[in-house]
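Participant: So here's upload00.cif, just mmCIF, C-alpha atoms and all ligand atoms:
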data_data
#
loop_
_atom_site.label_atom_id
_atom_site.label_comp_id
_atom_site.auth_asym_id
_atom_site.auth_seq_id
_atom_site.Cartn_x
_atom_site.Cartn_y
_atom_site.Cartn_z
CA MET Z 293 -24.46 -22.32 4.52
CA SER Z 294 -23.23 -23.78 7.80
CA LYS Z 295 -25.44 -23.67 10.91
CA THR Z 296 -22.59 -22.99 13.31
CA ILE Z 297 -21.38 -19.42 13.60
CA VAL Z 298 -17.97 -19.26 15.27
CA ALA Z 299 -17.54 -16.21 17.54
CA LEU Z 300 -14.13 -14.72 16.74
CA ASP Z 301 -13.65 -13.22 20.20
CA PHE Z 302 -9.97 -12.43 19.69
CA SER Z 303 -8.21 -9.08 20.06
CA SER Z 304 -5.76 -9.13 17.18
CA LYS Z 305 -5.71 -9.78 13.47
CA GLU Z 306 -2.87 -12.31 13.91
CA GLU Z 307 -4.93 -14.48 16.26
CA VAL Z 308 -7.87 -14.39 13.83
CA VAL Z 309 -5.77 -15.33 10.81
CA ASP Z 310 -3.99 -18.12 12.74
CA PHE Z 311 -7.31 -19.52 13.90
CA LEU Z 312 -8.95 -19.40 10.47
CA LYS Z 313 -5.98 -21.05 8.74
CA GLN Z 314 -7.21 -24.37 10.16
CA PHE Z 315 -10.32 -24.26 7.98
CA ASP Z 316 -9.98 -25.06 4.26
CA GLU Z 317 -13.69 -24.62 3.59
CA PRO Z 318 -15.60 -21.37 4.16
CA ILE Z 319 -17.21 -21.21 7.60
CA TYR Z 320 -19.61 -18.70 9.18
CA VAL Z 321 -17.99 -16.41 11.75
CA LYS Z 322 -19.17 -13.69 14.11
CA ILE Z 323 -17.19 -10.48 14.39
CA GLY Z 324 -18.28 -8.51 17.43
CA MET Z 325 -17.35 -5.35 19.27
CA GLU Z 326 -14.19 -6.73 20.89
CA LEU Z 327 -12.50 -7.53 17.59
CA THR Z 328 -13.90 -4.54 15.70
CA TYR Z 329 -12.81 -2.05 18.35
CA ALA Z 330 -9.35 -3.65 18.47
CA CYS Z 331 -8.70 -3.94 14.72
CA GLY Z 332 -11.21 -1.62 13.05
CA LEU Z 333 -13.54 -2.67 10.25
CA GLU Z 334 -10.45 -3.70 8.24
CA ILE Z 335 -10.80 -7.06 9.99
CA VAL Z 336 -14.04 -7.66 8.06
CA LYS Z 337 -12.13 -7.26 4.81
CA THR Z 338 -9.39 -9.64 6.00
CA VAL Z 339 -11.86 -12.37 6.97
CA LYS Z 340 -13.89 -11.91 3.79
CA GLU Z 341 -10.75 -12.22 1.68
CA MET Z 342 -10.13 -15.58 3.37
CA GLY Z 343 -13.51 -16.63 1.94
CA HIS Z 344 -15.61 -16.82 5.10
CA ASN Z 345 -19.20 -15.70 5.75
CA ILE Z 346 -19.63 -12.95 8.30
CA PHE Z 347 -22.21 -12.07 10.94
CA LEU Z 348 -21.20 -8.54 12.00
CA ASP Z 349 -22.52 -8.29 15.56
CA LEU Z 350 -22.39 -4.57 16.39
CA LYS Z 351 -25.93 -4.27 17.84
CA LEU Z 352 -26.88 -0.83 16.53
CA HIS Z 353 -29.28 1.23 18.69
CA ASP Z 354 -29.80 4.93 17.87
CA ILE Z 355 -32.32 7.24 16.20
CA PRO Z 356 -33.67 5.81 12.91
CA ASN Z 357 -31.79 8.21 10.63
CA THR Z 358 -28.43 7.45 12.25
CA VAL Z 359 -29.03 3.69 12.16
CA LYS Z 360 -30.03 3.95 8.50
CA GLY Z 361 -26.77 5.74 7.65
CA GLY Z 362 -24.72 3.32 9.75
CA MET Z 363 -26.29 0.29 8.13
CA LYS Z 364 -25.80 1.73 4.65
CA ASN Z 365 -22.06 1.82 5.32
CA LEU Z 366 -21.94 -1.61 6.98
CA ALA Z 367 -23.77 -3.16 4.00
CA LYS Z 368 -20.99 -1.90 1.73
CA LEU Z 369 -18.61 -4.28 3.53
CA GLY Z 370 -20.46 -7.23 2.01
CA VAL Z 371 -21.28 -8.99 5.29
CA ASN Z 372 -23.94 -11.73 5.35
CA MET Z 373 -25.73 -10.81 8.58
CA THR Z 374 -25.86 -7.87 10.97
CA ASN Z 375 -28.01 -6.73 13.89
CA VAL Z 376 -29.76 -4.04 15.94
CA HIS Z 377 -31.35 -3.84 19.38
CA ALA Z 378 -35.12 -4.42 19.18
CA ALA Z 379 -35.41 -1.91 22.06
CA GLY Z 380 -34.80 0.83 19.46
CA GLY Z 381 -38.34 0.27 18.21
CA ILE Z 382 -40.05 -0.58 14.92
CA ALA Z 383 -39.19 2.70 13.13
CA MET Z 384 -35.51 2.19 13.92
CA MET Z 385 -35.56 -1.41 12.74
CA LYS Z 386 -37.29 -0.41 9.48
CA ALA Z 387 -34.63 2.27 8.99
CA ALA Z 388 -31.93 -0.38 9.50
CA LYS Z 389 -33.41 -2.46 6.68
CA GLU Z 390 -33.64 0.59 4.41
CA GLY Z 391 -30.01 1.48 5.07
CA LEU Z 392 -28.87 -2.07 4.32
CA ALA Z 393 -30.78 -2.08 1.02
CA LEU Z 394 -29.20 1.26 0.06
CA GLY Z 395 -25.64 0.12 0.78
CA ALA Z 396 -25.73 -3.49 -0.40
CA GLN Z 397 -24.20 -4.44 -3.69
CA GLY Z 398 -26.58 -7.24 -4.62
CA GLN Z 399 -28.41 -9.07 -1.86
CA SER Z 400 -28.92 -7.18 1.43
CA PRO Z 401 -27.35 -8.75 4.53
CA LEU Z 402 -29.78 -10.51 6.83
CA CYS Z 403 -30.81 -8.19 9.66
CA ILE Z 404 -31.71 -9.64 13.04
CA ALA Z 405 -32.67 -8.04 16.36
CA VAL Z 406 -31.33 -8.60 19.84
CA THR Z 407 -34.39 -9.02 22.09
CA GLN Z 408 -33.56 -8.94 25.79
CA LEU Z 409 -29.89 -9.69 26.41
CA THR Z 410 -29.55 -13.12 27.97
CA SER Z 411 -27.59 -11.43 30.77
CA THR Z 412 -30.71 -9.45 31.80
CA SER Z 413 -32.58 -11.04 34.70
CA LYS Z 414 -36.31 -10.63 35.36
CA GLU Z 415 -35.45 -8.41 38.38
CA ALA Z 416 -33.21 -6.13 36.29
CA MET Z 417 -35.79 -5.93 33.51
CA ASN Z 418 -38.62 -5.11 35.95
CA GLU Z 419 -36.74 -2.79 38.32
CA GLU Z 420 -34.00 -1.16 36.22
CA LEU Z 421 -35.48 -1.12 32.73
CA GLY Z 422 -39.04 -0.53 33.98
CA ILE Z 423 -40.51 -3.35 31.87
CA GLU Z 424 -43.10 -5.37 33.77
CA GLY Z 425 -43.80 -9.10 33.48
CA GLU Z 426 -41.76 -12.12 32.49
CA VAL Z 427 -38.64 -11.90 30.29
CA ILE Z 428 -40.09 -14.39 27.78
CA ASP Z 429 -43.15 -12.17 27.18
CA CYS Z 430 -40.94 -9.17 26.44
CA VAL Z 431 -38.70 -11.30 24.21
CA VAL Z 432 -41.69 -12.53 22.17
CA LYS Z 433 -43.11 -8.99 21.93
CA TYR Z 434 -39.74 -7.66 20.70
CA ALA Z 435 -39.52 -10.55 18.19
CA LEU Z 436 -42.99 -9.66 16.88
CA ASN Z 437 -41.87 -6.02 16.54
CA ALA Z 438 -38.80 -7.15 14.60
CA LYS Z 439 -41.01 -9.20 12.32
CA ALA Z 440 -43.38 -6.23 11.82
CA ALA Z 441 -40.38 -4.10 10.84
CA GLY Z 442 -39.44 -6.66 8.16
CA LEU Z 443 -36.37 -8.06 9.93
CA ASP Z 444 -35.25 -11.62 9.26
CA GLY Z 445 -35.07 -12.92 12.81
CA VAL Z 446 -33.66 -12.46 16.31
CA VAL Z 447 -30.75 -13.33 18.54
CA CYS Z 448 -32.18 -15.20 21.51
CA SER Z 449 -31.52 -17.92 24.05
CA VAL Z 450 -32.09 -21.52 22.95
CA HIS Z 451 -34.74 -21.68 25.67
CA GLU Z 452 -36.73 -18.89 23.96
CA ALA Z 453 -36.48 -20.16 20.38
CA ALA Z 454 -39.60 -22.37 20.36
CA ALA Z 455 -41.87 -19.60 21.74
CA ILE Z 456 -40.49 -17.17 19.13
CA LYS Z 457 -41.03 -19.64 16.28
CA LYS Z 458 -44.59 -20.22 17.51
CA ALA Z 459 -45.35 -16.48 17.59
CA CYS Z 460 -43.44 -15.36 14.47
CA GLY Z 461 -43.58 -18.43 12.22
CA PRO Z 462 -41.04 -21.07 11.21
CA GLY Z 463 -39.31 -18.87 8.62
CA PHE Z 464 -38.34 -16.23 11.22
CA LEU Z 465 -34.71 -16.94 12.10
CA THR Z 466 -33.45 -17.68 15.59
CA VAL Z 467 -29.72 -17.25 16.18
CA THR Z 468 -28.69 -18.61 19.56
CA PRO Z 469 -25.53 -18.20 21.65
CA GLY Z 470 -24.89 -19.89 25.02
CA ILE Z 471 -23.92 -23.21 23.45
CA ARG Z 472 -21.77 -25.77 25.26
CA LEU Z 473 -20.89 -29.40 24.61
CA ALA Z 474 -21.86 -31.70 27.50
CA SER Z 475 -18.15 -32.06 28.36
CA ASP Z 476 -17.40 -28.30 28.40
CA SER Z 477 -17.11 -25.82 31.25
CA VAL Z 478 -19.95 -23.30 31.38
CA ASP Z 479 -17.61 -20.25 31.85
CA ASP Z 480 -19.60 -17.04 32.45
CA GLN Z 481 -22.72 -18.19 30.57
CA LYS Z 482 -25.77 -18.59 32.82
CA ARG Z 483 -28.15 -20.76 30.79
CA VAL Z 484 -26.40 -23.03 28.34
CA ALA Z 485 -27.63 -25.68 25.92
CA THR Z 486 -26.02 -28.34 23.73
CA PRO Z 487 -26.06 -28.11 19.91
CA SER Z 488 -28.44 -31.09 19.75
CA TYR Z 489 -30.91 -29.37 22.10
CA ALA Z 490 -30.65 -26.18 20.02
CA LYS Z 491 -31.55 -28.19 16.95
CA GLU Z 492 -34.49 -29.81 18.74
CA GLN Z 493 -35.75 -26.34 19.71
CA GLY Z 494 -35.72 -25.26 16.05
CA CYS Z 495 -32.75 -22.85 16.26
CA ASP Z 496 -31.53 -21.92 12.77
CA TYR Z 497 -28.00 -20.91 13.71
CA ILE Z 498 -25.95 -21.43 16.86
CA VAL Z 499 -23.20 -19.01 17.89
CA VAL Z 500 -20.28 -20.87 19.46
CA GLY Z 501 -17.19 -19.18 20.85
CA ARG Z 502 -14.99 -20.78 23.48
CA SER Z 503 -16.20 -24.38 22.97
CA ILE Z 504 -14.47 -24.19 19.58
CA THR Z 505 -11.80 -21.49 19.94
CA LYS Z 506 -10.40 -22.88 23.22
CA SER Z 507 -10.70 -26.51 22.22
CA LYS Z 508 -7.56 -28.65 21.76
CA ASN Z 509 -8.55 -29.29 18.17
CA PRO Z 510 -10.86 -26.45 17.02
CA LYS Z 511 -11.45 -27.88 13.54
CA GLU Z 512 -12.46 -31.29 14.94
CA THR Z 513 -14.78 -29.69 17.50
CA TYR Z 514 -16.29 -27.46 14.81
CA ASP Z 515 -17.01 -30.51 12.60
CA LEU Z 516 -18.54 -32.37 15.53
CA ILE Z 517 -20.85 -29.44 16.38
CA GLU Z 518 -21.78 -28.77 12.75
CA ASN Z 519 -22.73 -32.46 12.37
CA MET Z 520 -24.97 -32.24 15.44
CA MET Z 521 -26.86 -29.37 13.80
CA LYS Z 522 -27.48 -31.21 10.49
O1 LIG Z 601 -17.60 -18.29 24.19
P1 LIG Z 601 -19.09 -18.31 24.06
O2 LIG Z 601 -19.61 -19.49 23.24
O3 LIG Z 601 -19.81 -18.14 25.38
O4 LIG Z 601 -19.40 -16.99 23.18
C1 LIG Z 601 -20.70 -16.63 22.84
C2 LIG Z 601 -20.68 -15.45 21.94
O5 LIG Z 601 -22.03 -15.02 21.75
C3 LIG Z 601 -19.92 -14.25 22.46
O6 LIG Z 601 -19.39 -13.55 21.32
C4 LIG Z 601 -20.98 -13.42 23.13
O7 LIG Z 601 -20.71 -12.05 23.12
C5 LIG Z 601 -22.20 -13.69 22.23
N1 LIG Z 601 -23.48 -13.51 22.89
C6 LIG Z 601 -23.87 -14.20 24.02
N2 LIG Z 601 -25.10 -13.97 24.59
C7 LIG Z 601 -25.93 -13.06 24.04
C8 LIG Z 601 -25.55 -12.35 22.91
C9 LIG Z 601 -24.30 -12.59 22.36
O8 LIG Z 601 -23.14 -15.03 24.52
N3 LIG Z 601 -27.10 -12.87 24.58
#
For the file at hand, write its structure as structure tokens.
Ligand code: C5P
Facilitator:
Amino acid sequence: MSKTIVALDFSSKEEVVDFLKQFDEPIYVKIGMELTYACGLEIVKTVKEMGHNIFLDLKLHDIPNTVKGGMKNLAKLGVNMTNVHAAGGIAMMKAAKEGLALGAQGQSPLCIAVTQLTSTSKEAMNEELGIEGEVIDCVVKYALNAKAAGLDGVVCSVHEAAAIKKACGPGFLTVTPGIRLASDSVDDQKRVATPSYAKEQGCDYIVVGRSITKSKNPKETYDLIENMMK
């Protein structure tokens, strides 16, 4: 399985199909809220029929019973990976796993947790969310909760991956967005890292959107990035 997950941040099925036509081999893609809310879950079927692997990034966060039911239905789509917010707590994360096992035909999708969003600053976490201390300590605590609930890993910043691996063990997956090539513009991302640095930090998967989708030759850029992660 490839290490690069391409974020399909498009708003129509046509754009997605046009983009994916460039790839003859199956790749790993991320379908998030933007695309799902524009096209419905039908888009998952379309991308799957084209042969690609899917990380369905809908970040569930609700009472355990509702998350269990939601995950049961998402697992039926045959996606490879999905996620929840760790802030929902251990019981909710366990319920997510149970739901996935109930709905999956065959192997359950991987389930990972969003720790603190990388857009959350220390000030916002302390003053708005009422969580004291440093962001990294909360991120590691949430990762440990995800592990205790039986989840497979977390979404985190490249800069947090090593601390998470140290606390949760090497087999606990880290999936990291905020990736840019040295030659790219940073766009709205605050703390970026190159694919090579992500690899050095032990990240298992990198999520890359605009560096690939807005590149002059997306397939070439994808190959370059995937080679850096090998
Ligand atoms: O275009 P870019 O590479 O910045 O896209 C990154 C993708 O990863 C987007 O789909 C974005 O929503 C997602 N993401 C992120 N930071 C997080 C969680 C998800 O950039 N903390």
Participant: Using only the atoms of stretch 456-469 of chain Z listed in the file, plus 8 Å on each side, state the axis-aligned box centre and edge lengths in Å rounded to one decimal, as lines of an AutoDock Vina configuration file.
Facilitator:
center_x = -35.4
center_y = -18.2
center_z = 15.1
size_x = 35.8
size_y = 21.7
size_z = 29.0
Participant: Could you tell me, counting all atoms listed in the file, which protein and nucleic acid residues lie no more than 9 Å from ligand LIG 601 (chain Z), written as a ChimeraX atom specification?
Facilitator: /Z:298-301,322-326,349,406-412,447-449,468-472,478-481,484,498-506
Participant: To one decimal in Å, tell me the separation between atom CA of Z:Asp476 and atom CA of Z:Thr513.
Facilitator: 11.3 Å
Participant: Would you please work out which residue, of Z:Ala383, Z:Ala378, Z:Leu394, Z:Met520, is nearest to Z:Lys364 when using only C-alpha atoms?
Facilitator: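 Under the stated criterion, the closest residue is Z:Leu394.
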Participant: Set the distance at 12 Å and use all atoms listed in the file: which residues neighbour Z:Ala393 once local chain neighbours fewer than 6 positions away are removed? I'd like the list as a count of residues only.
Facilitator: 17
Participant: Need to verify the contact set: Z:Val309, 12 Å, only C-alpha atoms, exclusion of same-chain residues closer than 4 positions in sequence. Can you return it as a PyMOL selection string?
Facilitator: chain Z and resi 300+302-305+313-315+335-344
Participant: So the first atom is atom CA of Z:Ser294 and the second is atom CA of Z:Ser488; what is the distance between them in Å, to one decimal place?
Facilitator: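 Interatomic distance, atom CA of Z:Ser294 to atom CA of Z:Ser488: 14.9 Å.
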Participant: Between Z:Cys430, Z:Met373, Z:Met385, Z:Ala453, which is the closest to Z:Ala490 once you count all atoms listed in the file?
Facilitator: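 Smallest distance to Z:Ala490 is found for Z:Ala453.
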Participant: Quick one: distance from atom CA of Z:Pro318 to atom CA of Z:Met293 in Å, one decimal?
Facilitator: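 Computing it gives 8.9 Å between the two atoms.
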Participant: Determine the nearest neighbour of Z:His353 from the options Z:Cys331, Z:Ile423, Z:Val308, Z:Ala388, counting only C-alpha atoms.
Facilitator: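 Closest to Z:His353, using only C-alpha atoms: Z:Ala388.
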